[in-house]
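Structure first, commentary second.
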Amino acid sequence: MPALTQEEAFARIRLLRSANIGPVSYTQLLRRFGNAHEAVEALPDLAARGAKRNYKPAPREMIEREVQAARKAGARYLFHDQPDYPANLAAMDGAPPIVTMRGNLSLASRPCVAMVGARNASAAAVRLARDFARELAAQDFVVVSGLAKGIDGASHEGAFPHTIGVIASGIDIAYPRQHAQLQEEIASDALLIAEEPPGTQPRGQQFPKRNRIIAGLAMGTLVVEAAPKSGSLITARLAGEAGREVMAIPGHPADARSHGCNQLIREGAVLVQSAEDVVELLSGFDGQPRSRVREGADDFAFHEADEEMPAGDIAAILSNAPVSVDELVRQTGTTPGAVQMALLELEIAGRLERHAGGRVSLV
């Protein structure tokens, strides 16, 4: 592919930072218009067709400040179609089109395993995570985690420097504060990745986005200790939906911190009791996981529409209940490209929400 020019890189960042643009709409806009500059220019007209007037793309000055902050932090941008963008992550549904990173990117091209678990983990689980990570690193695996307290931090420490930290904040923001030194060590001697713009403080809705990157980088996700409905289980299910292995260490049924792992095993995750179990499982991984913690997903590649469909016509058959795009194609009797374009206009106008499995609903 041709080298990405500075102007196109700047326009891509501006496109992604514009209101109501997510990974799916970003990718569709690039395919539709061929480059980010033209896509940004088209945003106000597309929003108007979705019934939103006075739409303005992200200001150039805002992007200039962001780029300066990234440079000051010693980070560089990585775009979805560059050769060194991690292949496993690129295959993930809704992979981030742009990330910032510091450190050794070649770690992401090696066999990776995600390790996640409770922040308030038991002392025994913390030690177990550290030991597992150390043994996995000795077997040439790179351990991916989220730099949280508890299991995440122990996993990074055990595998260091064969580890990747993925954070929910900007690349220049340390969270939690007690891991500031660990985060800097990972950025200097391992690999640190962030999806949010520099300067962004962590907020609740950003952690599931971080979790999908953790799951996406790895061939499999190991949950060491987790309560039900925890972020660790979100990571595990994202891994399962992406066709990666899901593994869990069983725990005592009387300890609530073990209920999430035991629940995963009941749902089809592979029970592991040693690092060797993980190595054996992932060394033979061929893209067909033994675990069954996953859901099906409908997916349509975007093609330029042969015909136009008013966004209002699609909005009229949508509701708050998520529905698959293929169902919309069947009900409207038009082409997938026409439906995708109408959905794109609704999304830019702030009227559409995208869900897991390629489903959509009205906001």
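Ordering of the structure tokens sets the chain letters (A, B, ...), residue numbers begin anew at 1 in every chain, and ligands are numbered from 1 in the order given.
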Members of segment 173-299 of chain A assigned helix (DSSP H, G or I) by DSSP, as a VMD selection string = chain A and resid 177 to 189 206 to 217 231 to 241 256 to 267 275 to 283
Please, which residues of segment 148-344 of chain A, numbered as in this document, come out strand (DSSP E or B) from DSSP, as a VMD selection string?
-> chain A and resid 163 to 167 191 to 194 220 to 223 245 to 248 270 to 271 323 to 324
Nearby residues (only C-alpha atoms) at most 8 Å from Met219 of chain A, same-chain spacing under 3 positions excluded, as JSON, numbers by chain | {"A": [88, 111, 112, 113, 114, 215, 216, 244, 245, 282, 285]}
Put those residues in a file: all heavy atoms, as a PDB file, in the first residue's frame.
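And here's again_23.pdb as it stands now:
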```
ATOM      1  N   ASN A  88      -3.902  -9.882  14.585  1.00  0.00           N
ATOM      2  CA  ASN A  88      -4.981 -10.416  15.416  1.00  0.00           C
ATOM      3  C   ASN A  88      -5.996  -9.340  15.766  1.00  0.00           C
ATOM      4  O   ASN A  88      -7.207  -9.579  15.763  1.00  0.00           O
ATOM      5  CB  ASN A  88      -4.414 -11.019  16.705  1.00  0.00           C
ATOM      6  CG  ASN A  88      -3.887 -12.428  16.512  1.00  0.00           C
ATOM      7  OD1 ASN A  88      -4.241 -13.104  15.561  1.00  0.00           O
ATOM      8  ND2 ASN A  88      -3.031 -12.866  17.420  1.00  0.00           N
ATOM      9  N   PRO A 111       3.082 -14.592  19.498  1.00  0.00           N
ATOM     10  CA  PRO A 111       1.924 -15.243  20.128  1.00  0.00           C
ATOM     11  C   PRO A 111       1.563 -14.554  21.447  1.00  0.00           C
ATOM     12  O   PRO A 111       2.401 -14.419  22.335  1.00  0.00           O
ATOM     13  CB  PRO A 111       2.416 -16.678  20.373  1.00  0.00           C
ATOM     14  CG  PRO A 111       3.509 -16.883  19.381  1.00  0.00           C
ATOM     15  CD  PRO A 111       4.177 -15.543  19.235  1.00  0.00           C
ATOM     16  N   CYS A 112       0.323 -14.107  21.550  1.00  0.00           N
ATOM     17  CA  CYS A 112      -0.115 -13.342  22.725  1.00  0.00           C
ATOM     18  C   CYS A 112      -1.241 -14.073  23.447  1.00  0.00           C
ATOM     19  O   CYS A 112      -2.101 -14.701  22.825  1.00  0.00           O
ATOM     20  CB  CYS A 112      -0.618 -11.957  22.312  1.00  0.00           C
ATOM     21  SG  CYS A 112       0.651 -10.853  21.663  1.00  0.00           S
ATOM     22  N   VAL A 113      -1.234 -13.957  24.771  1.00  0.00           N
ATOM     23  CA  VAL A 113      -2.320 -14.461  25.597  1.00  0.00           C
ATOM     24  C   VAL A 113      -2.742 -13.344  26.544  1.00  0.00           C
ATOM     25  O   VAL A 113      -1.899 -12.667  27.142  1.00  0.00           O
ATOM     26  CB  VAL A 113      -1.908 -15.727  26.381  1.00  0.00           C
ATOM     27  CG1 VAL A 113      -0.667 -15.480  27.222  1.00  0.00           C
ATOM     28  CG2 VAL A 113      -3.055 -16.230  27.261  1.00  0.00           C
ATOM     29  N   ALA A 114      -4.042 -13.100  26.636  1.00  0.00           N
ATOM     30  CA  ALA A 114      -4.549 -12.086  27.559  1.00  0.00           C
ATOM     31  C   ALA A 114      -4.776 -12.713  28.924  1.00  0.00           C
ATOM     32  O   ALA A 114      -5.269 -13.841  29.025  1.00  0.00           O
ATOM     33  CB  ALA A 114      -5.846 -11.491  27.021  1.00  0.00           C
ATOM     34  N   ALA A 215      -8.641  -8.415  24.262  1.00  0.00           N
ATOM     35  CA  ALA A 215      -9.075  -9.691  23.679  1.00  0.00           C
ATOM     36  C   ALA A 215      -8.610  -9.825  22.233  1.00  0.00           C
ATOM     37  O   ALA A 215      -8.242 -10.914  21.793  1.00  0.00           O
ATOM     38  CB  ALA A 215     -10.599  -9.809  23.763  1.00  0.00           C
ATOM     39  N   GLY A 216      -8.619  -8.714  21.508  1.00  0.00           N
ATOM     40  CA  GLY A 216      -8.281  -8.758  20.089  1.00  0.00           C
ATOM     41  C   GLY A 216      -6.822  -9.036  19.802  1.00  0.00           C
ATOM     42  O   GLY A 216      -6.486  -9.643  18.783  1.00  0.00           O
ATOM     43  N   ARG A 244     -11.704 -16.605  19.554  1.00  0.00           N
ATOM     44  CA  ARG A 244     -10.467 -16.900  20.277  1.00  0.00           C
ATOM     45  C   ARG A 244     -10.774 -17.848  21.441  1.00  0.00           C
ATOM     46  O   ARG A 244     -11.924 -18.004  21.853  1.00  0.00           O
ATOM     47  CB  ARG A 244      -9.835 -15.607  20.805  1.00  0.00           C
ATOM     48  CG  ARG A 244      -9.815 -14.448  19.791  1.00  0.00           C
ATOM     49  CD  ARG A 244      -8.898 -14.708  18.602  1.00  0.00           C
ATOM     50  NE  ARG A 244      -9.089 -13.708  17.559  1.00  0.00           N
ATOM     51  CZ  ARG A 244      -8.516 -12.508  17.526  1.00  0.00           C
ATOM     52  NH1 ARG A 244      -7.706 -12.152  18.507  1.00  0.00           N
ATOM     53  NH2 ARG A 244      -8.748 -11.684  16.521  1.00  0.00           N
ATOM     54  N   GLU A 245      -9.734 -18.452  21.995  1.00  0.00           N
ATOM     55  CA  GLU A 245      -9.921 -19.337  23.131  1.00  0.00           C
ATOM     56  C   GLU A 245     -10.306 -18.546  24.383  1.00  0.00           C
ATOM     57  O   GLU A 245      -9.832 -17.427  24.594  1.00  0.00           O
ATOM     58  CB  GLU A 245      -8.645 -20.125  23.428  1.00  0.00           C
ATOM     59  CG  GLU A 245      -8.290 -21.166  22.376  1.00  0.00           C
ATOM     60  CD  GLU A 245      -9.219 -22.375  22.405  1.00  0.00           C
ATOM     61  OE1 GLU A 245     -10.197 -22.377  23.174  1.00  0.00           O
ATOM     62  OE2 GLU A 245      -8.948 -23.321  21.645  1.00  0.00           O
ATOM     63  N   LEU A 282      -2.931 -23.123  23.286  1.00  0.00           N
ATOM     64  CA  LEU A 282      -2.697 -22.077  22.305  1.00  0.00           C
ATOM     65  C   LEU A 282      -1.631 -22.446  21.282  1.00  0.00           C
ATOM     66  O   LEU A 282      -1.627 -21.906  20.170  1.00  0.00           O
ATOM     67  CB  LEU A 282      -2.314 -20.768  23.010  1.00  0.00           C
ATOM     68  CG  LEU A 282      -3.403 -20.158  23.902  1.00  0.00           C
ATOM     69  CD1 LEU A 282      -2.954 -18.812  24.440  1.00  0.00           C
ATOM     70  CD2 LEU A 282      -4.723 -20.017  23.141  1.00  0.00           C
ATOM     71  N   PHE A 285      -3.411 -23.766  18.418  1.00  0.00           N
ATOM     72  CA  PHE A 285      -4.591 -22.991  18.027  1.00  0.00           C
ATOM     73  C   PHE A 285      -4.599 -22.758  16.522  1.00  0.00           C
ATOM     74  O   PHE A 285      -3.643 -22.247  15.947  1.00  0.00           O
ATOM     75  CB  PHE A 285      -4.610 -21.649  18.761  1.00  0.00           C
ATOM     76  CG  PHE A 285      -5.848 -20.830  18.484  1.00  0.00           C
ATOM     77  CD1 PHE A 285      -7.075 -21.224  18.998  1.00  0.00           C
ATOM     78  CD2 PHE A 285      -5.785 -19.688  17.712  1.00  0.00           C
ATOM     79  CE1 PHE A 285      -8.220 -20.477  18.758  1.00  0.00           C
ATOM     80  CE2 PHE A 285      -6.916 -18.932  17.469  1.00  0.00           C
ATOM     81  CZ  PHE A 285      -8.141 -19.334  17.989  1.00  0.00           C
TER      82      PHE A 285
END
```
Using only C-alpha atoms, determine which residues lie at most 6 Å from Arg257 of chain A, disregarding the query and same-chain residues fewer than 5 positions distant; provide the list as number ranges by chain.
-> A: 225-227
Write out the residues from the selection above, keeping all heavy atoms, as a short mmCIF file (atom, residue, chain, number, x, y, z; two decimals), in the first residue's frame.
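The new file selection-v9.cif reads:
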```
data_model
loop_
_atom_site.label_atom_id
_atom_site.label_comp_id
_atom_site.auth_asym_id
_atom_site.auth_seq_id
_atom_site.Cartn_x
_atom_site.Cartn_y
_atom_site.Cartn_z
N GLU A 225 -9.29 -14.78 38.22
CA GLU A 225 -10.26 -14.68 39.32
C GLU A 225 -11.17 -13.51 39.00
O GLU A 225 -10.68 -12.42 38.67
CB GLU A 225 -9.52 -14.44 40.65
CG GLU A 225 -10.43 -14.46 41.87
CD GLU A 225 -9.64 -14.30 43.17
OE1 GLU A 225 -9.19 -13.17 43.44
OE2 GLU A 225 -9.48 -15.30 43.89
N ALA A 226 -12.48 -13.72 39.05
CA ALA A 226 -13.39 -12.65 38.67
C ALA A 226 -14.77 -12.89 39.25
O ALA A 226 -15.24 -14.04 39.32
CB ALA A 226 -13.49 -12.55 37.14
N ALA A 227 -15.42 -11.82 39.64
CA ALA A 227 -16.80 -11.89 40.11
C ALA A 227 -17.74 -11.87 38.91
O ALA A 227 -17.36 -11.44 37.82
CB ALA A 227 -17.09 -10.71 41.03
#
```
Might you pull out every residue within 8 Å of His156 of chain A, with only C-alpha atoms counted and same-chain residues fewer than 5 positions away left off, and present them as number ranges by chain?
-> A: 130, 133, 143-145, 147, 163-165
For Leu222 of chain A, work out the shell of residues within 7 Å, counting only C-alpha atoms and skipping chain neighbours fewer than 2 positions away, then give it as a ChimeraX atom specification.
-> /A:114-116,220,224,246-248
Keeping only N, CA, C and O atoms, write the selected residues as a tab-separated table (two decimals), in the first residue's frame.
```tsv
chain	number	residue	atom	x	y	z
A	114	ALA	N	-4.04	-13.10	26.64
A	114	ALA	CA	-4.55	-12.09	27.56
A	114	ALA	C	-4.78	-12.71	28.92
A	114	ALA	O	-5.27	-13.84	29.02
A	115	MET	N	-4.40	-11.98	29.97
A	115	MET	CA	-4.67	-12.41	31.33
A	115	MET	C	-5.41	-11.29	32.05
A	115	MET	O	-4.92	-10.16	32.11
A	116	VAL	N	-6.58	-11.60	32.57
A	116	VAL	CA	-7.41	-10.59	33.23
A	116	VAL	C	-8.01	-11.19	34.50
A	116	VAL	O	-8.02	-12.41	34.69
A	220	GLY	N	-5.97	-16.09	22.89
A	220	GLY	CA	-6.90	-16.55	23.90
A	220	GLY	C	-6.84	-15.68	25.13
A	220	GLY	O	-5.86	-14.97	25.36
A	224	VAL	N	-8.30	-15.27	35.59
A	224	VAL	CA	-7.69	-15.89	36.78
A	224	VAL	C	-8.64	-15.89	37.95
A	224	VAL	O	-8.79	-16.90	38.65
A	246	VAL	N	-11.16	-19.13	25.19
A	246	VAL	CA	-11.52	-18.57	26.50
A	246	VAL	C	-11.16	-19.61	27.55
A	246	VAL	O	-11.62	-20.76	27.48
A	247	MET	N	-10.34	-19.22	28.50
A	247	MET	CA	-9.84	-20.13	29.54
A	247	MET	C	-10.11	-19.53	30.91
A	247	MET	O	-10.13	-18.30	31.05
A	248	ALA	N	-10.29	-20.36	31.89
A	248	ALA	CA	-10.55	-19.87	33.25
A	248	ALA	C	-9.94	-20.83	34.26
A	248	ALA	O	-9.91	-22.04	34.05
```
Please identify all polymer residues within 12 Å of segment 65-68 of chain A, counting only C-alpha atoms, omitting same-chain residues fewer than 5 positions from it, and present them as a short mmCIF file (atom, residue, chain, number, x, y, z; two decimals) with N, CA and C atoms, in the first residue's frame.
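Resulting contents of part_16.cif:
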```cif
data_model
loop_
_atom_site.label_atom_id
_atom_site.label_comp_id
_atom_site.auth_asym_id
_atom_site.auth_seq_id
_atom_site.Cartn_x
_atom_site.Cartn_y
_atom_site.Cartn_z
N GLN A 6 1.33 12.76 5.56
CA GLN A 6 1.04 13.47 6.80
C GLN A 6 -0.35 14.09 6.74
N ALA A 9 -2.96 11.33 7.21
CA ALA A 9 -2.95 10.89 8.60
C ALA A 9 -3.71 11.89 9.47
N PHE A 10 -3.45 13.18 9.26
CA PHE A 10 -4.12 14.23 10.03
C PHE A 10 -5.63 14.18 9.78
N ALA A 11 -6.02 14.01 8.51
CA ALA A 11 -7.44 13.96 8.17
C ALA A 11 -8.11 12.73 8.78
N ILE A 13 -7.29 11.24 11.63
CA ILE A 13 -7.49 11.52 13.06
C ILE A 13 -8.70 12.45 13.22
N ARG A 14 -8.78 13.46 12.38
CA ARG A 14 -9.90 14.40 12.44
C ARG A 14 -11.22 13.70 12.17
N ARG A 17 -12.23 11.64 15.25
CA ARG A 17 -12.58 12.47 16.41
C ARG A 17 -13.85 13.28 16.19
N ALA A 58 -14.70 17.66 13.62
CA ALA A 58 -13.77 18.07 14.66
C ALA A 58 -12.89 19.21 14.16
N PRO A 59 -12.72 20.27 14.94
CA PRO A 59 -11.91 21.41 14.50
C PRO A 59 -10.45 21.01 14.27
N ARG A 60 -9.84 21.61 13.26
CA ARG A 60 -8.44 21.31 12.96
C ARG A 60 -7.56 21.66 14.15
N ALA A 73 4.41 13.16 24.52
CA ALA A 73 4.40 11.93 25.32
C ALA A 73 5.33 10.87 24.76
N GLY A 74 5.93 11.13 23.61
CA GLY A 74 6.81 10.14 22.98
C GLY A 74 6.06 9.02 22.29
N ALA A 75 4.78 9.27 21.94
CA ALA A 75 3.95 8.24 21.32
C ALA A 75 3.88 8.45 19.81
N ARG A 76 3.48 7.41 19.11
CA ARG A 76 3.23 7.54 17.68
C ARG A 76 1.87 6.92 17.36
N TYR A 77 1.29 7.37 16.26
CA TYR A 77 0.00 6.86 15.82
C TYR A 77 0.19 5.61 14.97
N THR A 100 -2.70 4.98 19.63
CA THR A 100 -1.37 5.53 19.90
C THR A 100 -0.61 4.48 20.70
N GLY A 170 -5.86 8.28 27.86
CA GLY A 170 -4.89 8.68 26.85
C GLY A 170 -3.53 8.09 27.16
N ILE A 171 -2.66 8.05 26.17
CA ILE A 171 -1.35 7.42 26.31
C ILE A 171 -0.49 8.13 27.35
N ASP A 172 -0.82 9.37 27.68
CA ASP A 172 -0.03 10.16 28.62
C ASP A 172 -0.65 10.23 30.02
N GLU A 196 -7.84 6.04 23.21
CA GLU A 196 -8.35 7.39 23.46
C GLU A 196 -7.29 8.44 23.13
N PRO A 197 -7.71 9.66 22.79
CA PRO A 197 -6.75 10.73 22.50
C PRO A 197 -5.90 11.06 23.72
N PRO A 198 -4.67 11.53 23.50
CA PRO A 198 -3.84 11.97 24.63
C PRO A 198 -4.59 12.98 25.49
N GLY A 199 -4.36 12.89 26.79
CA GLY A 199 -5.02 13.81 27.72
C GLY A 199 -6.36 13.32 28.23
N THR A 200 -6.88 12.22 27.68
CA THR A 200 -8.19 11.71 28.07
C THR A 200 -8.12 10.97 29.41
#
```
Residue with the minimum atom-to-atom distance to Val325 of chain A, picked from A:His259, A:Ser274, A:Gly358, A:Phe160 with only C-alpha atoms counted, is A:Gly358
Distance criterion (only C-alpha atoms): nearest to Ser232 of chain A out of A:Ala174, A:Ala148, A:Met341, A:Ile63 = A:Ala148
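Rounded to one decimal, atom CA of Ile249 of chain A and atom CA of Arg127 of chain A lie 13.2 Å from each other.
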d(atom CA of Glu347 of chain A, atom CA of Gly22 of chain A) in Å | 9.0 Å
From the list A:Leu89, A:Ile317, A:Ala118, A:Ala123, which residue is nearest Arg210 of chain A when using only C-alpha atoms?
->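 When distances to Arg210 of chain A are compared using only C-alpha atoms, the smallest one comes from A:Leu89.
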